[in-house]
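Text of entry_16.cif (mmCIF, C-alpha atoms) as supplied:
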```cif
data_structure
loop_
_atom_site.group_PDB
_atom_site.id
_atom_site.type_symbol
_atom_site.label_atom_id
_atom_site.label_comp_id
_atom_site.auth_asym_id
_atom_site.auth_seq_id
_atom_site.Cartn_x
_atom_site.Cartn_y
_atom_site.Cartn_z
ATOM 1 C CA MET U 361 121.203 159.801 143.602
ATOM 2 C CA LYS U 362 121.150 162.819 145.931
ATOM 3 C CA SER U 363 118.197 164.281 143.986
ATOM 4 C CA ASN U 364 116.124 161.233 144.860
ATOM 5 C CA GLU U 365 117.104 161.480 148.530
ATOM 6 C CA ILE U 366 116.100 165.145 148.531
ATOM 7 C CA LYS U 367 112.767 164.302 146.890
ATOM 8 C CA GLU U 368 112.068 161.558 149.447
ATOM 9 C CA ALA U 369 112.773 163.931 152.333
ATOM 10 C CA ALA U 370 110.685 166.627 150.653
ATOM 11 C CA LEU U 371 107.831 164.157 150.197
ATOM 12 C CA LYS U 372 107.853 163.479 153.931
ATOM 13 C CA TYR U 373 107.841 167.146 154.934
ATOM 14 C CA PHE U 374 105.364 168.309 152.285
ATOM 15 C CA THR U 375 102.974 165.494 153.247
ATOM 16 C CA ILE U 376 103.152 166.239 156.956
ATOM 17 C CA HIS U 377 103.415 170.039 156.909
ATOM 18 C CA GLY U 378 102.089 171.065 153.494
ATOM 19 C CA TYR U 379 103.930 173.376 151.150
ATOM 20 C CA GLU U 380 103.948 176.341 153.504
ATOM 21 C CA GLY U 381 105.042 174.393 156.578
ATOM 22 C CA ALA U 382 107.899 172.487 154.976
ATOM 23 C CA SER U 383 111.222 174.257 154.772
ATOM 24 C CA LEU U 384 114.205 173.632 152.547
ATOM 25 C CA SER U 385 116.359 173.773 155.696
ATOM 26 C CA GLN U 386 114.470 170.834 157.227
ATOM 27 C CA ILE U 387 114.680 168.890 153.985
ATOM 28 C CA ALA U 388 118.397 169.561 153.620
ATOM 29 C CA GLU U 389 119.051 168.562 157.226
ATOM 30 C CA GLU U 390 117.138 165.304 156.682
ATOM 31 C CA VAL U 391 119.528 164.287 153.887
ATOM 32 C CA GLY U 392 122.647 165.622 155.614
ATOM 33 C CA MET U 393 123.400 168.659 153.475
ATOM 34 C CA LYS U 394 123.240 172.414 153.670
ATOM 35 C CA LYS U 395 120.174 174.215 152.351
ATOM 36 C CA GLN U 396 122.217 175.893 149.592
ATOM 37 C CA SER U 397 123.224 172.464 148.230
ATOM 38 C CA ILE U 398 119.606 171.763 147.286
ATOM 39 C CA TYR U 399 119.919 174.451 144.599
ATOM 40 C CA ALA U 400 122.475 172.274 142.785
ATOM 41 C CA HIS U 401 119.608 169.813 142.177
ATOM 42 C CA PHE U 402 116.481 172.005 142.077
ATOM 43 C CA LYS U 403 115.776 175.617 141.116
ATOM 44 C CA GLY U 404 114.024 176.223 144.409
ATOM 45 C CA LYS U 405 111.183 175.111 146.628
ATOM 46 C CA ASP U 406 108.563 175.340 143.857
ATOM 47 C CA ASP U 407 110.653 173.217 141.494
ATOM 48 C CA LEU U 408 111.266 170.604 144.200
ATOM 49 C CA PHE U 409 107.588 170.585 145.170
ATOM 50 C CA LEU U 410 106.395 170.165 141.568
ATOM 51 C CA GLN U 411 108.873 167.361 140.890
ATOM 52 C CA VAL U 412 107.684 165.535 144.020
ATOM 53 C CA LEU U 413 104.087 166.143 142.912
ATOM 54 C CA ARG U 414 104.728 164.717 139.437
ATOM 55 C CA ASP U 415 106.434 161.668 140.943
ATOM 56 C CA ALA U 416 103.399 161.151 143.175
ATOM 57 C CA LYS U 417 101.069 161.569 140.198
ATOM 58 C CA GLU U 418 103.046 158.964 138.271
ATOM 59 C CA THR U 419 102.845 156.557 141.224
ATOM 60 C CA GLU U 420 99.077 156.945 141.432
ATOM 61 C CA LEU U 421 98.527 156.638 137.705
ATOM 62 C CA SER U 422 100.795 153.614 137.287
ATOM 63 C CA SER U 423 99.114 151.852 140.251
ATOM 64 C CA LYS U 424 95.691 152.347 138.673
ATOM 65 C CA LEU U 425 96.844 151.367 135.184
ATOM 66 C CA GLN U 426 98.521 148.259 136.553
ATOM 67 C CA TYR U 427 95.332 147.330 138.397
ATOM 68 C CA PHE U 428 93.196 147.618 135.267
ATOM 69 C CA ARG U 429 95.687 145.575 133.231
ATOM 70 C CA LYS U 430 95.294 142.702 135.702
ATOM 71 C CA VAL U 431 91.513 142.686 136.188
ATOM 72 C CA ASP U 432 89.182 140.024 134.877
ATOM 73 C CA SER U 433 86.903 141.916 132.528
ATOM 74 C CA ASN U 434 84.119 139.363 132.987
ATOM 75 C CA ASN U 435 83.500 140.327 136.586
ATOM 76 C CA PRO U 436 82.731 144.056 136.844
ATOM 77 C CA GLU U 437 81.424 143.787 140.422
ATOM 78 C CA LYS U 438 84.694 142.310 141.674
ATOM 79 C CA ASP U 439 86.853 144.590 139.508
ATOM 80 C CA LEU U 440 85.153 147.836 140.481
ATOM 81 C CA TYR U 441 84.950 147.036 144.187
ATOM 82 C CA GLY U 442 88.592 145.964 144.033
ATOM 83 C CA PHE U 443 89.448 149.345 142.540
ATOM 84 C CA LEU U 444 87.794 151.113 145.474
ATOM 85 C CA GLN U 445 89.828 148.929 147.850
ATOM 86 C CA LEU U 446 92.962 149.810 145.865
ATOM 87 C CA VAL U 447 92.251 153.533 146.309
ATOM 88 C CA ILE U 448 91.913 153.063 150.074
ATOM 89 C CA ASP U 449 94.996 150.847 150.343
ATOM 90 C CA LEU U 450 97.125 153.216 148.309
ATOM 91 C CA PHE U 451 96.194 156.161 150.501
ATOM 92 C CA GLN U 452 96.787 154.247 153.714
ATOM 93 C CA LYS U 453 100.096 152.664 152.687
ATOM 94 C CA ASN U 454 101.770 154.924 150.129
ATOM 95 C CA GLU U 455 103.238 158.314 151.056
ATOM 96 C CA HIS U 456 103.237 159.448 147.417
ATOM 97 C CA ILE U 457 99.476 158.940 147.218
ATOM 98 C CA LYS U 458 98.841 160.683 150.557
ATOM 99 C CA PHE U 459 100.864 163.623 149.317
ATOM 100 C CA TRP U 460 99.130 163.610 145.917
ATOM 101 C CA LEU U 461 95.651 163.630 147.421
ATOM 102 C CA ARG U 462 96.399 166.255 150.029
ATOM 103 C CA MET U 463 97.999 168.571 147.509
ATOM 104 C CA SER U 464 95.212 168.065 144.969
ATOM 105 C CA PHE U 465 92.693 169.061 147.660
ATOM 106 C CA PHE U 466 94.862 171.756 149.283
ATOM 107 C CA PRO U 467 97.286 173.138 146.680
ATOM 108 C CA PRO U 468 99.539 176.045 147.550
ATOM 109 C CA ALA U 469 97.715 179.116 146.218
ATOM 110 C CA HIS U 470 100.508 180.237 143.894
ATOM 111 C CA LEU U 471 100.764 176.731 142.326
ATOM 112 C CA GLU U 472 97.029 176.026 142.198
ATOM 113 C CA LYS U 473 96.746 176.374 138.419
ATOM 114 C CA GLU U 474 99.727 174.105 137.700
ATOM 115 C CA ILE U 475 98.545 171.481 140.167
ATOM 116 C CA GLY U 476 95.025 171.729 138.744
ATOM 117 C CA HIS U 477 96.369 170.793 135.300
ATOM 118 C CA GLU U 478 98.116 167.743 136.774
ATOM 119 C CA VAL U 479 94.955 166.675 138.633
ATOM 120 C CA ILE U 480 92.758 167.065 135.549
ATOM 121 C CA ASP U 481 95.286 165.134 133.458
ATOM 122 C CA ILE U 482 95.210 162.087 135.723
ATOM 123 C CA GLU U 483 91.419 162.302 136.128
ATOM 124 C CA GLU U 484 90.931 162.292 132.356
ATOM 125 C CA LYS U 485 93.236 159.283 131.949
ATOM 126 C CA VAL U 486 91.469 157.279 134.649
ATOM 127 C CA GLN U 487 88.075 158.295 133.249
ATOM 128 C CA ALA U 488 89.081 157.091 129.770
ATOM 129 C CA ILE U 489 90.162 153.708 131.132
ATOM 130 C CA LEU U 490 86.961 153.326 133.136
ATOM 131 C CA GLU U 491 84.816 154.369 130.201
ATOM 132 C CA CYS U 492 86.414 151.653 128.039
ATOM 133 C CA LYS U 493 85.867 149.061 130.783
ATOM 134 C CA PHE U 494 82.228 150.085 131.220
ATOM 135 C CA GLN U 495 81.681 149.920 127.466
ATOM 136 C CA ASP U 496 83.126 146.392 127.388
ATOM 137 C CA TRP U 497 80.801 145.359 130.227
ATOM 138 C CA ILE U 498 77.799 146.953 128.501
ATOM 139 C CA ASP U 499 78.648 145.218 125.222
ATOM 140 C CA ALA U 500 78.995 141.884 127.049
ATOM 141 C CA LYS U 501 75.666 142.565 128.789
ATOM 142 C CA LEU U 502 77.313 142.232 132.201
ATOM 143 C CA ILE U 503 75.810 145.534 133.353
ATOM 144 C CA VAL U 504 72.620 147.383 132.466
ATOM 145 C CA GLU U 505 73.286 150.771 130.904
ATOM 146 C CA ASP U 506 72.918 152.489 127.541
ATOM 147 C CA GLU U 507 76.169 154.412 127.365
ATOM 148 C CA ALA U 508 79.456 154.051 129.235
ATOM 149 C CA ILE U 509 79.782 157.655 130.362
ATOM 150 C CA THR U 510 76.879 157.431 132.831
ATOM 151 C CA PRO U 511 78.249 154.603 135.017
ATOM 152 C CA THR U 512 81.751 156.064 134.616
ATOM 153 C CA TYR U 513 80.701 159.387 136.132
ATOM 154 C CA ALA U 514 78.632 157.656 138.821
ATOM 155 C CA PHE U 515 81.558 155.420 139.762
ATOM 156 C CA LEU U 516 83.959 158.372 139.834
ATOM 157 C CA GLY U 517 81.494 160.026 142.223
ATOM 158 C CA VAL U 518 81.836 157.014 144.540
ATOM 159 C CA VAL U 519 85.631 157.247 144.221
ATOM 160 C CA ASP U 520 85.571 160.983 145.019
ATOM 161 C CA SER U 521 83.413 160.328 148.075
ATOM 162 C CA ILE U 522 85.908 157.755 149.359
ATOM 163 C CA LEU U 523 88.850 160.082 148.648
ATOM 164 C CA LEU U 524 87.180 162.881 150.566
ATOM 165 C CA GLU U 525 86.694 160.579 153.532
ATOM 166 C CA LEU U 526 90.336 159.482 153.344
ATOM 167 C CA VAL U 527 91.638 163.052 153.268
ATOM 168 C CA TYR U 528 89.321 164.548 155.876
ATOM 169 C CA GLY U 529 88.188 161.627 157.996
ATOM 170 C CA ASN U 530 89.970 159.669 160.680
ATOM 171 C CA ASP U 531 87.235 157.169 161.394
ATOM 172 C CA GLU U 532 87.723 153.696 159.891
ATOM 173 C CA LYS U 533 84.124 152.703 160.658
ATOM 174 C CA ARG U 534 82.738 155.765 158.872
ATOM 175 C CA LEU U 535 84.979 155.058 155.872
ATOM 176 C CA ASN U 536 83.784 151.442 155.706
ATOM 177 C CA ASP U 537 80.130 152.444 156.190
ATOM 178 C CA LYS U 538 80.410 155.050 153.434
ATOM 179 C CA LEU U 539 82.104 152.553 151.111
ATOM 180 C CA SER U 540 79.503 149.890 151.816
ATOM 181 C CA ALA U 541 76.502 152.194 151.303
ATOM 182 C CA SER U 542 77.886 153.907 148.206
ATOM 183 C CA TRP U 543 78.858 150.604 146.652
ATOM 184 C CA LYS U 544 75.491 148.968 147.403
ATOM 185 C CA VAL U 545 73.517 151.752 145.728
ATOM 186 C CA PHE U 546 75.926 152.079 142.793
ATOM 187 C CA TRP U 547 76.052 148.352 142.049
ATOM 188 C CA ARG U 548 72.273 147.974 142.357
ATOM 189 C CA GLY U 549 71.905 150.701 139.727
ATOM 190 C CA ILE U 550 74.000 148.979 137.049
ATOM 191 C CA SER U 551 73.762 145.266 137.843
ATOM 192 C CA GLN U 552 71.696 142.727 135.946
ATOM 193 C CA LYS U 553 69.894 141.556 139.087
#
```
Could you express the structure from this file as structure tokens?
Amino acid sequence: MKSNEIKEAALKYFTIHGYEGASLSQIAEEVGMKKQSIYAHFKGKDDLFLQVLRDAKETELSSKLQYFRKVDSNNPEKDLYGFLQLVIDLFQKNEHIKFWLRMSFFPPAHLEKEIGHEVIDIEEKVQAILECKFQDWIDAKLIVEDEAITPTYAFLGVVDSILLELVYGNDEKRLNDKLSASWKVFWRGISQK
């Protein structure tokens, strides 16, 4: 149980201050223990950080998988736009996702390679799910496209644009304008209309 409390406190400090700015002393104080006691649960700061990162990755992946399990595959416009809204909502309301995104954009230099593997892993899983969805929509003639990879990459470009705005931007209007414009052009490119 104490490990989870430590990870929750670490999540808070790593999200706010980044890897370099968060200290094990602060984290320990947050959960009411001495810094040395953390070592009974984690090998050190890197181990704690990577466990928090993997928890955050799992939260993001499970949220996206759960979304795609629930969607109505006969309405790609609603499903895809809903996914973009999910990405925004997750970032705005879930500390694990905020942490995940910030660390995937700004990894600690000495953990960059390890974090890069985690980021690529989740990206490949989400891409595979999207590619299957796009293929289903192509087969059902709900969208106009020859092969699923093209709209998958284009859609992931829209997602990346929104993520960048979430991480770097603080302007709700700009976020909504970017979402609206990106979505309009993307949907026009693959829709039957």
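Distances to Val447 of chain U were evaluated for U:Ser521, U:Gln411, U:Ser464, U:Gln552 using all atoms listed in the file, and the minimum falls at U:Ser521.
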Put a box with edges along x, y and z around all the listed atoms of segment 386-400 of chain U, pad it by 4 Å on each side, then give me its centre and sizes in Å, one decimal, as lines of an AutoDock Vina configuration file.
```
center_x = 118.9
center_y = 170.1
center_z = 150.0
size_x = 16.9
size_y = 19.6
size_z = 22.4
```
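Note that atom CA of Phe546 of chain U and atom CA of Gly517 of chain U are 9.7 Å apart.
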Among the residues U:Asp449, U:Glu474, U:Glu455, U:Glu420, the one that comes closest to Lys372 of chain U [using only C-alpha atoms]: U:Glu455
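Residues lying within 7 Å of segment 375-383 of chain U, counting all atoms listed in the file and ignoring same-chain neighbours fewer than 5 positions away, are U:Lys458, U:Phe459, U:Pro468.
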Given the file above and the PyMOL selection byres ((chain U and resi 412) around 9), which residues are selected, and can you give them as a PDB file with C-alpha atoms, in the coordinates of the input?
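Output (result.pdb):
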```
ATOM      1  CA  LYS U 367     112.767 164.302 146.890  1.00  0.00           C
ATOM      2  CA  GLU U 368     112.068 161.558 149.447  1.00  0.00           C
ATOM      3  CA  ALA U 370     110.685 166.627 150.653  1.00  0.00           C
ATOM      4  CA  LEU U 371     107.831 164.157 150.197  1.00  0.00           C
ATOM      5  CA  ASP U 407     110.653 173.217 141.494  1.00  0.00           C
ATOM      6  CA  LEU U 408     111.266 170.604 144.200  1.00  0.00           C
ATOM      7  CA  PHE U 409     107.588 170.585 145.170  1.00  0.00           C
ATOM      8  CA  LEU U 410     106.395 170.165 141.568  1.00  0.00           C
ATOM      9  CA  GLN U 411     108.873 167.361 140.890  1.00  0.00           C
ATOM     10  CA  LEU U 413     104.087 166.143 142.912  1.00  0.00           C
ATOM     11  CA  ARG U 414     104.728 164.717 139.437  1.00  0.00           C
ATOM     12  CA  ASP U 415     106.434 161.668 140.943  1.00  0.00           C
ATOM     13  CA  ALA U 416     103.399 161.151 143.175  1.00  0.00           C
ATOM     14  CA  LYS U 417     101.069 161.569 140.198  1.00  0.00           C
ATOM     15  CA  HIS U 456     103.237 159.448 147.417  1.00  0.00           C
ATOM     16  CA  PHE U 459     100.864 163.623 149.317  1.00  0.00           C
ATOM     17  CA  TRP U 460      99.130 163.610 145.917  1.00  0.00           C
TER      18      TRP U 460
END
```
Protein/DNA/RNA residues near (85.4, 149.6, 127.2), cut 12 Å, all atoms listed in the file, as number ranges by chain: U: 428, 433-434, 436, 487-500, 507-509, 511-512
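Considering only C-alpha atoms, the residue among U:Gly392, U:Gln386, U:Ser551, U:His401 positioned nearest to Asn364 of chain U is U:His401.
Candidate residues U:Ile522, U:Glu365, U:Ala400, U:Leu539 were compared for distance to Ile387 of chain U, and the nearest is U:Glu365, using only C-alpha atoms.
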